[in-house]
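Undergrad: Data file final_4.pdb (PDB, C-alpha atoms) is appended below.
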```
ATOM      1  CA  MET A   1      -5.538  22.561  17.599
ATOM      2  CA  GLN A   2      -2.154  23.698  18.965
ATOM      3  CA  VAL A   3       0.354  25.487  16.811
ATOM      4  CA  GLN A   4       3.283  23.091  17.025
ATOM      5  CA  LEU A   5       1.595  20.172  15.220
ATOM      6  CA  HIS A   6       1.937  21.758  11.789
ATOM      7  CA  THR A   7       5.708  22.002  12.305
ATOM      8  CA  LEU A   8       5.948  18.212  12.642
ATOM      9  CA  PHE A   9       4.141  17.158   9.458
ATOM     10  CA  ARG A  10       4.296  18.728   6.017
ATOM     11  CA  PRO A  11       1.980  16.931   3.541
ATOM     12  CA  LYS A  12       3.522  16.480   0.095
ATOM     13  CA  GLN A  13       1.945  16.159  -3.329
ATOM     14  CA  ALA A  14       3.307  15.061  -6.716
ATOM     15  CA  SER A  15       2.125  17.948  -8.896
ATOM     16  CA  GLY A  16       3.884  20.570 -11.011
ATOM     17  CA  ARG A  17       5.823  18.142 -13.209
ATOM     18  CA  VAL A  18       3.917  18.674 -16.458
ATOM     19  CA  ALA A  19       5.150  21.671 -18.440
ATOM     20  CA  THR A  20       1.708  22.685 -19.692
ATOM     21  CA  ASN A  21       0.344  23.211 -16.196
ATOM     22  CA  ARG A  22       1.413  25.422 -13.307
ATOM     23  CA  TYR A  23       1.156  24.229  -9.698
ATOM     24  CA  MET A  24       2.159  26.176  -6.611
ATOM     25  CA  GLU A  25       1.498  26.269  -2.878
ATOM     26  CA  ILE A  26       1.235  29.246  -0.517
ATOM     27  CA  SER A  27       1.585  28.992   3.253
ATOM     28  CA  PRO A  28      -1.237  30.284   5.471
ATOM     29  CA  SER A  29      -0.942  33.004   8.090
ATOM     30  CA  LEU A  30       0.344  32.076  11.536
ATOM     31  CA  LEU A  31      -3.171  32.233  12.977
ATOM     32  CA  LEU A  32      -4.475  29.693  10.480
ATOM     33  CA  ALA A  33      -1.382  27.464  10.272
ATOM     34  CA  PRO A  34      -2.777  24.983  12.844
ATOM     35  CA  TYR A  35      -5.823  24.491  10.602
ATOM     36  CA  VAL A  36      -4.623  25.056   7.019
ATOM     37  CA  SER A  37      -1.638  23.238   5.531
ATOM     38  CA  CYS A  38      -1.506  25.455   2.433
ATOM     39  CA  TYR A  39      -3.413  27.195  -0.330
ATOM     40  CA  TRP A  40      -2.678  25.844  -3.789
ATOM     41  CA  LEU A  41      -3.156  26.743  -7.428
ATOM     42  CA  SER A  42      -3.325  24.545 -10.505
ATOM     43  CA  GLU A  43      -3.851  26.201 -13.880
ATOM     44  CA  PRO A  44      -3.061  25.654 -17.570
ATOM     45  CA  LEU A  45      -0.274  27.651 -19.189
ATOM     46  CA  ARG A  46       0.165  29.187 -22.582
ATOM     47  CA  GLN A  47       3.491  28.826 -24.357
ATOM     48  CA  ASP A  48       4.032  32.598 -24.218
ATOM     49  CA  GLN A  49       3.845  32.677 -20.400
ATOM     50  CA  ASP A  50       6.974  32.972 -18.271
ATOM     51  CA  TRP A  51       6.012  29.920 -16.218
ATOM     52  CA  TYR A  52       5.982  27.657 -19.295
ATOM     53  CA  HIS A  53       9.043  25.385 -19.136
ATOM     54  CA  PRO A  54       9.187  22.707 -21.859
ATOM     55  CA  PHE A  55      12.348  21.225 -20.294
ATOM     56  CA  LYS A  56      10.175  19.941 -17.431
ATOM     57  CA  LEU A  57       8.856  17.319 -19.841
ATOM     58  CA  GLN A  58      11.855  15.022 -19.567
ATOM     59  CA  HIS A  59       9.812  12.300 -21.213
ATOM     60  CA  GLU A  60       6.385  12.162 -22.757
ATOM     61  CA  GLU A  61       4.931  10.165 -19.876
ATOM     62  CA  ALA A  62       5.519  12.898 -17.261
ATOM     63  CA  ILE A  63       2.747  12.475 -14.701
ATOM     64  CA  ASP A  64       1.167  14.585 -11.990
ATOM     65  CA  ARG A  65      -0.443  12.659  -9.161
ATOM     66  CA  VAL A  66      -2.725  13.338  -6.203
ATOM     67  CA  LEU A  67      -1.279  11.499  -3.201
ATOM     68  CA  PRO A  68      -2.886  10.471   0.101
ATOM     69  CA  ASP A  69      -1.795  13.080   2.642
ATOM     70  CA  GLY A  70      -4.324  12.886   5.478
ATOM     71  CA  CYS A  71      -5.849  16.219   4.467
ATOM     72  CA  ASN A  72      -9.233  17.500   3.309
ATOM     73  CA  ASP A  73      -9.543  20.203   0.631
ATOM     74  CA  ILE A  74     -11.945  22.868  -0.587
ATOM     75  CA  ILE A  75     -11.519  23.245  -4.362
ATOM     76  CA  PHE A  76     -12.718  26.221  -6.422
ATOM     77  CA  GLU A  77     -12.907  25.129 -10.085
ATOM     78  CA  HIS A  78     -13.226  27.468 -13.054
ATOM     79  CA  ASP A  79     -13.938  25.892 -16.451
ATOM     80  CA  LEU A  80     -12.184  28.479 -18.624
ATOM     81  CA  LYS A  81     -13.774  27.386 -21.901
ATOM     82  CA  ARG A  82     -17.380  27.368 -20.704
ATOM     83  CA  ASN A  83     -16.774  30.055 -18.063
ATOM     84  CA  GLN A  84     -18.522  27.888 -15.481
ATOM     85  CA  PHE A  85     -17.754  27.704 -11.765
ATOM     86  CA  ARG A  86     -18.195  25.182  -8.999
ATOM     87  CA  THR A  87     -16.849  24.649  -5.493
ATOM     88  CA  ARG A  88     -16.334  21.168  -4.090
ATOM     89  CA  TYR A  89     -15.086  19.494  -0.950
ATOM     90  CA  SER A  90     -12.559  16.663  -1.134
ATOM     91  CA  GLY A  91     -12.482  14.319   1.848
ATOM     92  CA  PHE A  92      -9.725  12.025   3.085
ATOM     93  CA  PHE A  93      -8.585   9.788   0.199
ATOM     94  CA  GLU A  94      -6.888   6.451   0.836
ATOM     95  CA  GLY A  95      -5.437   6.011  -2.649
ATOM     96  CA  SER A  96      -3.690   8.063  -5.304
ATOM     97  CA  PHE A  97      -4.814   8.968  -8.798
ATOM     98  CA  THR A  98      -3.174  10.571 -11.796
ATOM     99  CA  ILE A  99      -4.223  14.003 -13.020
ATOM    100  CA  THR A 100      -5.359  14.401 -16.619
ATOM    101  CA  TYR A 101      -5.125  17.850 -18.202
ATOM    102  CA  ASP A 102      -7.471  18.399 -21.138
ATOM    103  CA  GLN A 103      -5.968  21.115 -23.323
ATOM    104  CA  GLN A 104      -9.308  21.496 -25.108
ATOM    105  CA  HIS A 105     -11.165  22.133 -21.836
ATOM    106  CA  PRO A 106      -8.745  24.001 -19.548
ATOM    107  CA  VAL A 107      -9.678  24.298 -15.871
ATOM    108  CA  ARG A 108      -8.167  26.579 -13.248
ATOM    109  CA  LYS A 109      -8.286  25.338  -9.646
ATOM    110  CA  PHE A 110      -7.658  27.102  -6.368
ATOM    111  CA  GLY A 111      -7.624  24.979  -3.233
ATOM    112  CA  VAL A 112      -7.537  25.158   0.547
ATOM    113  CA  ARG A 113      -5.722  22.134   1.964
ATOM    114  CA  PHE A 114      -6.707  21.651   5.599
ATOM    115  CA  PHE A 115      -4.143  20.254   7.994
ATOM    116  CA  PRO A 116      -5.264  16.897   9.472
ATOM    117  CA  GLY A 117      -7.917  17.741  12.041
ATOM    118  CA  GLY A 118      -8.182  21.355  10.890
ATOM    119  CA  ALA A 119     -11.402  21.023   8.897
ATOM    120  CA  HIS A 120     -13.273  19.423  11.780
ATOM    121  CA  ALA A 121     -11.956  22.045  14.212
ATOM    122  CA  LEU A 122     -13.437  24.812  12.019
ATOM    123  CA  LEU A 123     -16.587  23.060  10.770
ATOM    124  CA  GLY A 124     -17.509  20.671  13.551
ATOM    125  CA  VAL A 125     -18.881  18.083  11.092
ATOM    126  CA  PRO A 126     -17.808  14.394  11.246
ATOM    127  CA  LEU A 127     -15.350  13.982   8.386
ATOM    128  CA  HIS A 128     -15.823  10.249   7.794
ATOM    129  CA  GLU A 129     -19.053  11.113   5.966
ATOM    130  CA  PHE A 130     -16.973  12.605   3.138
ATOM    131  CA  ALA A 131     -14.082  10.121   3.023
ATOM    132  CA  ASN A 132     -13.026   9.079  -0.494
ATOM    133  CA  SER A 133     -15.570  11.547  -1.888
ATOM    134  CA  LEU A 134     -15.627  14.774  -3.880
ATOM    135  CA  VAL A 135     -18.901  16.541  -3.091
ATOM    136  CA  ASP A 136     -20.585  19.904  -3.571
ATOM    137  CA  ILE A 137     -19.410  22.351  -0.917
ATOM    138  CA  ASP A 138     -22.981  23.095   0.203
ATOM    139  CA  LEU A 139     -23.260  19.534   1.532
ATOM    140  CA  VAL A 140     -20.387  20.259   3.909
ATOM    141  CA  TRP A 141     -20.350  24.028   4.366
ATOM    142  CA  PRO A 142     -23.803  25.421   3.492
ATOM    143  CA  GLY A 143     -23.760  28.937   2.088
ATOM    144  CA  MET A 144     -20.019  29.176   1.600
ATOM    145  CA  HIS A 145     -20.175  29.226  -2.197
ATOM    146  CA  ASN A 146     -22.721  32.042  -2.184
ATOM    147  CA  GLU A 147     -20.759  34.024   0.400
ATOM    148  CA  ILE A 148     -17.319  34.034  -1.229
ATOM    149  CA  GLY A 149     -17.410  31.719  -4.255
ATOM    150  CA  TYR A 150     -18.047  34.390  -6.870
ATOM    151  CA  ARG A 151     -15.553  36.768  -5.267
ATOM    152  CA  MET A 152     -12.929  34.046  -5.522
ATOM    153  CA  PHE A 153     -13.654  33.361  -9.184
ATOM    154  CA  GLU A 154     -13.779  37.032 -10.175
ATOM    155  CA  GLU A 155     -10.483  37.885  -8.469
ATOM    156  CA  PRO A 156      -7.567  37.466 -10.942
ATOM    157  CA  SER A 157      -4.822  37.800  -8.330
ATOM    158  CA  LEU A 158      -3.779  34.597  -6.590
ATOM    159  CA  TYR A 159      -2.583  36.413  -3.489
ATOM    160  CA  LYS A 160      -5.811  38.381  -3.196
ATOM    161  CA  ARG A 161      -7.739  35.123  -3.449
ATOM    162  CA  VAL A 162      -5.653  33.864  -0.544
ATOM    163  CA  GLN A 163      -6.528  37.046   1.390
ATOM    164  CA  ILE A 164     -10.247  36.560   0.719
ATOM    165  CA  MET A 165     -10.047  32.976   1.928
ATOM    166  CA  GLU A 166      -8.008  33.898   4.996
ATOM    167  CA  GLN A 167     -10.471  36.600   6.012
ATOM    168  CA  TYR A 168     -13.369  34.194   5.584
ATOM    169  CA  LEU A 169     -11.759  31.417   7.632
ATOM    170  CA  LEU A 170     -10.713  33.834  10.367
ATOM    171  CA  SER A 171     -14.265  35.155  10.584
ATOM    172  CA  CYS A 172     -15.509  31.560  10.849
ATOM    173  CA  MET A 173     -13.108  30.977  13.731
ATOM    174  CA  GLN A 174     -14.587  33.945  15.586
ATOM    175  CA  THR A 175     -18.194  33.075  14.765
ATOM    176  CA  HIS A 176     -18.142  29.348  15.400
ATOM    177  CA  LYS A 177     -15.390  29.230  18.037
ATOM    178  CA  SER A 178     -13.133  26.579  16.577
ATOM    179  CA  MET A 179     -12.975  23.300  18.478
ATOM    180  CA  ASN A 180      -9.886  22.311  20.407
ATOM    181  CA  ASP A 181      -9.329  18.832  21.761
ATOM    182  CA  SER A 182      -6.194  17.917  23.696
ATOM    183  CA  LEU A 183      -6.804  14.191  23.125
ATOM    184  CA  ILE A 184      -6.675  14.335  19.306
ATOM    185  CA  HIS A 185      -3.750  16.746  19.608
ATOM    186  CA  ASN A 186      -1.794  14.257  21.722
ATOM    187  CA  LEU A 187      -2.621  11.375  19.382
ATOM    188  CA  LEU A 188      -1.557  13.298  16.280
ATOM    189  CA  HIS A 189       1.585  14.524  18.010
ATOM    190  CA  HIS A 190       2.684  10.956  18.724
ATOM    191  CA  ILE A 191       1.916   9.834  15.158
ATOM    192  CA  PHE A 192       3.848  12.729  13.616
ATOM    193  CA  VAL A 193       6.849  12.325  15.946
ATOM    194  CA  THR A 194       7.088   8.615  15.130
ATOM    195  CA  LYS A 195       6.390   9.312  11.425
ATOM    196  CA  GLY A 196       3.521   6.854  11.510
ATOM    197  CA  LYS A 197       5.612   4.030  13.009
ATOM    198  CA  THR A 198       3.239   3.286  15.857
ATOM    199  CA  SER A 199       0.350   0.916  16.482
ATOM    200  CA  VAL A 200      -3.256   1.510  17.464
ATOM    201  CA  GLN A 201      -2.627  -0.288  20.754
ATOM    202  CA  GLU A 202       0.391   1.901  21.535
ATOM    203  CA  LEU A 203      -1.683   5.017  20.903
ATOM    204  CA  ALA A 204      -4.542   3.742  23.045
ATOM    205  CA  ASN A 205      -2.213   2.813  25.899
ATOM    206  CA  LYS A 206      -0.444   6.149  25.735
ATOM    207  CA  GLU A 207      -3.706   8.095  26.181
ATOM    208  CA  VAL A 208      -5.409   5.464  28.377
ATOM    209  CA  ILE A 209      -8.419   5.067  26.087
ATOM    210  CA  SER A 210      -9.991   2.102  24.333
ATOM    211  CA  ALA A 211      -9.246   1.325  20.688
ATOM    212  CA  ARG A 212     -12.957   1.732  19.981
ATOM    213  CA  GLN A 213     -13.009   5.242  21.474
ATOM    214  CA  MET A 214      -9.908   6.196  19.503
ATOM    215  CA  ASN A 215     -11.428   4.949  16.252
ATOM    216  CA  ARG A 216     -14.488   7.100  16.878
ATOM    217  CA  ILE A 217     -12.294  10.167  17.482
ATOM    218  CA  PHE A 218     -10.291   9.632  14.280
ATOM    219  CA  TYR A 219     -13.338   9.066  12.100
ATOM    220  CA  GLN A 220     -14.760  12.309  13.446
ATOM    221  CA  TRP A 221     -11.641  14.504  13.284
ATOM    222  CA  ILE A 222      -9.615  12.956  10.428
ATOM    223  CA  GLY A 223     -12.110  10.989   8.357
ATOM    224  CA  THR A 224     -10.500   7.560   8.663
ATOM    225  CA  SER A 225      -9.214   5.036  11.196
ATOM    226  CA  PRO A 226      -6.023   5.649  13.205
ATOM    227  CA  LYS A 227      -4.401   2.641  11.488
ATOM    228  CA  LYS A 228      -4.996   4.018   7.991
ATOM    229  CA  PHE A 229      -3.915   7.501   9.050
ATOM    230  CA  CYS A 230      -0.648   6.116  10.482
ATOM    231  CA  ASP A 231      -0.056   4.290   7.203
ATOM    232  CA  VAL A 232      -0.530   7.541   5.255
ATOM    233  CA  VAL A 233       1.844   9.458   7.541
ATOM    234  CA  ARG A 234       4.466   6.725   7.108
ATOM    235  CA  PHE A 235       3.959   6.826   3.339
ATOM    236  CA  GLN A 236       4.444  10.607   3.396
ATOM    237  CA  ALA A 237       7.673  10.116   5.368
ATOM    238  CA  ILE A 238       8.952   7.785   2.631
ATOM    239  CA  ILE A 239       8.044  10.371  -0.020
ATOM    240  CA  ASP A 240      10.020  12.927   1.981
ATOM    241  CA  ALA A 241      13.012  10.577   2.110
ATOM    242  CA  ILE A 242      12.852   9.910  -1.641
ATOM    243  CA  GLN A 243      12.853  13.655  -2.326
ATOM    244  CA  SER A 244      15.762  14.356   0.019
ATOM    245  CA  PRO A 245      19.255  14.990  -1.432
ATOM    246  CA  ARG A 246      20.698  12.099   0.607
ATOM    247  CA  LYS A 247      21.566   8.892  -1.236
ATOM    248  CA  ILE A 248      19.296   6.061  -0.089
ATOM    249  CA  ASP A 249      18.676   2.423  -0.956
ATOM    250  CA  GLY A 250      15.498   0.405  -0.863
ATOM    251  CA  ALA A 251      16.528  -1.845   2.034
ATOM    252  CA  SER A 252      17.439   1.100   4.268
ATOM    253  CA  LEU A 253      14.278   2.910   3.277
ATOM    254  CA  ALA A 254      12.186  -0.069   4.391
ATOM    255  CA  LEU A 255      14.082  -0.506   7.674
ATOM    256  CA  ASN A 256      14.040   3.198   8.585
ATOM    257  CA  HIS A 257      10.270   3.410   8.139
ATOM    258  CA  GLY A 258       9.252   0.356  10.112
ATOM    259  CA  HIS A 259       8.627  -2.184   7.337
ATOM    260  CA  PHE A 260       9.546  -5.830   7.810
ATOM    261  CA  ASP A 261      11.418  -5.949   4.533
ATOM    262  CA  GLN A 262      11.772  -4.203   1.197
ATOM    263  CA  ALA A 263       9.061  -6.280  -0.491
ATOM    264  CA  HIS A 264       6.573  -5.316   2.219
ATOM    265  CA  MET A 265       7.476  -1.626   1.821
ATOM    266  CA  ILE A 266       7.119  -1.747  -1.974
ATOM    267  CA  ARG A 267       3.705  -3.401  -1.691
ATOM    268  CA  ASP A 268       2.463  -0.753   0.753
ATOM    269  CA  PHE A 269       4.011   2.075  -1.233
ATOM    270  CA  LYS A 270       2.289   0.976  -4.449
ATOM    271  CA  ARG A 271      -1.024   1.000  -2.595
ATOM    272  CA  PHE A 272      -0.625   4.732  -1.938
ATOM    273  CA  TYR A 273       1.442   5.921  -4.917
ATOM    274  CA  GLY A 274       0.282   3.600  -7.655
ATOM    275  CA  GLU A 275       3.869   2.713  -8.586
ATOM    276  CA  SER A 276       7.046   1.490  -6.886
ATOM    277  CA  PRO A 277       9.484   3.730  -4.928
ATOM    278  CA  LEU A 278      11.895   3.409  -7.851
ATOM    279  CA  VAL A 279       9.317   4.877 -10.244
ATOM    280  CA  ALA A 280       8.507   7.591  -7.702
ATOM    281  CA  ALA A 281      12.194   8.494  -7.437
ATOM    282  CA  ARG A 282      12.370   8.823 -11.217
ATOM    283  CA  GLU A 283       9.236  10.970 -11.320
ATOM    284  CA  PHE A 284      10.554  13.218  -8.552
ATOM    285  CA  GLY A 285      13.892  13.504 -10.371
ATOM    286  CA  SER A 286      15.780  11.701  -7.582
ATOM    287  CA  MET A 287      17.071   8.719  -9.562
ATOM    288  CA  SER A 288      20.727   9.622  -9.016
ATOM    289  CA  ASP A 289      20.175   9.481  -5.239
ATOM    290  CA  PHE A 290      18.131   6.275  -5.135
ATOM    291  CA  TYR A 291      19.480   2.855  -5.854
ATOM    292  CA  ASN A 292      18.011  -0.595  -5.449
ATOM    293  CA  PRO A 293      20.687  -3.113  -4.424
TER     294      PRO A 293
END
```
Starting from the file, lay out its structure as structure tokens.
TA:
Amino acid sequence: MQVQLHTLFRPKQASGRVATNRYMEISPSLLLAPYVSCYWLSEPLRQDQDWYHPFKLQHEEAIDRVLPDGCNDIIFEHDLKRNQFRTRYSGFFEGSFTITYDQQHPVRKFGVRFFPGGAHALLGVPLHEFANSLVDIDLVWPGMHNEIGYRMFEEPSLYKRVQIMEQYLLSCMQTHKSMNDSLIHNLLHHIFVTKGKTSVQELANKEVISARQMNRIFYQWIGTSPKKFCDVVRFQAIIDAIQSPRKIDGASLALNHGHFDQAHMIRDFKRFYGESPLVAAREFGSMSDFYNP
């Protein structure tokens, strides 16, 4: 993977909106930036903690969501009530889902979000086997939990957990010699530059390969088809536009992102977000900048 790809695409999530839970992301080192999009933390808060902000609950139905972003994640989960640990691997997900926080059974999560193509470059396993799945890490990365899992759970400092993970991934790069493929790089580059507004045939023609060969490459490196991945990148571009400070309207949003009309965009957006762009704008706090003529 070449460095410049991660500068073209920044996956976005819809977390950190519920006052009782803290969510944050930390950027990886420059060496790992082509492979890791970010490290992230999700943990429950007590009312006496500085991070607790009741004003974030603008209405009782404040919702955190997991959005399709083209990434794969490693998730370290600590059940704080039972003091139990587990590490799981989350593959490419096509749809969104809401996050439920159980105050009676608080769980702290630390995650590694791999940039599209990054997990396969480091692991070498075909990612389509784990698409739309949340599986035990040993099925994907045997021995990882035993090597660093307990160190991760015992370390109270977030930044030291990031250091442990960085050292482990860097050692894996040296041991396994991470894969680099100019073909997948070129395909991803074109998708990111066009913000997903391209077709499978255009991609195939650009790289002079068959659609069948390209599908095989994407299932191996990304975990899904090039068509679905383009749709996710375009969806992420719309999320980025909704969160921007610029005033936008639904018709322009549809036109700028390659949809035939506003109805078509809303239908596709609901497939990935679970609600309309108008609801998303309200949840992101962008209602004053989004109108629907």
Undergrad: At a cut-off of 12 Å, using all atoms listed in the file, what residues contact Met144 (chain A)? Leave out same-chain residues fewer than 5 positions from it and give the result as a PyMOL selection string.
TA: chain A and resi 74-76+86-89+123+136-139+149-152+165+168-169+172
Undergrad: Since I can't run it myself right now, could you work out what the PyMOL selection byres ((chain A and resi 15) around 10) selects here and report it as number ranges by chain?
TA: A: 12-14, 16-18, 21-24, 42, 63-67, 98-99, 284
Undergrad: Between CA of Met265 (chain A) and CA of Trp221 (chain A), what is the distance in Å, rounded to a tenth?
TA: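 Answer for the CA of Met265 (chain A) to CA of Trp221 (chain A) separation: 27.5 Å.
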Undergrad: Write out as a ChimeraX atom specification the residues lying within 12 Å of Tyr159 (chain A), counting only C-alpha atoms and excluding same-chain residues fewer than 5 positions away.
TA: /A:24-28,39-41,110,152,164-166
Undergrad: Residue by residue, what does the PyMOL selection byres ((chain A and resi 11) around 8) grab here? Present the result as a ChimeraX atom specification.
TA: /A:9-10,12-13,37,69-71,236
Undergrad: List the neighbours of region 182-193 of chain A out to 12 Å using only C-alpha atoms; skip same-chain residues closer than 5 positions along the sequence, and give me the result as an NGL selection string.
TA: :A and (1-11 or 34 or 70 or 115-118 or 120-121 or 198-209 or 213-222 or 226-237)
Undergrad: One decimal, in Å: what's the spacing between CA of Phe272 (chain A) and CA of Gly95 (chain A)?
TA: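 Going from CA of Phe272 (chain A) over to CA of Gly95 (chain A) covers 5.0 Å.
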Undergrad: Show me the residues close to (16.2, 11.2, -2.8) - anything with an atom within 12 Å, counting all atoms listed in the file - and format the list as a PyMOL selection string.
TA: chain A and resi 237-250+253+277-291
Undergrad: Which distance in Å separates CA of Asn132 (chain A) and CA of Gly223 (chain A), to one decimal?
TA: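 That distance, rounded to one decimal, is 9.1 Å.
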Undergrad: Tell me which of A:Thr20, A:Thr194, A:Ser210, A:Ser225 sits closest to Phe93 (chain A), counting only C-alpha atoms.
TA: A:Ser225
Undergrad: On this file, the PyMOL selection byres ((chain A and resi 170) around 12) gives some set of residues; write that set as a PyMOL selection string.
TA: chain A and resi 28-33+35-36+122+163-169+171-178
Undergrad: For a quick check of understanding, using all atoms listed in the file, which of A:Asn256, A:Val112, A:Val140, A:Ala251 has the smallest distance to Gly196 (chain A)?
TA: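 Among the listed residues, A:Asn256 lies closest to Gly196 (chain A).
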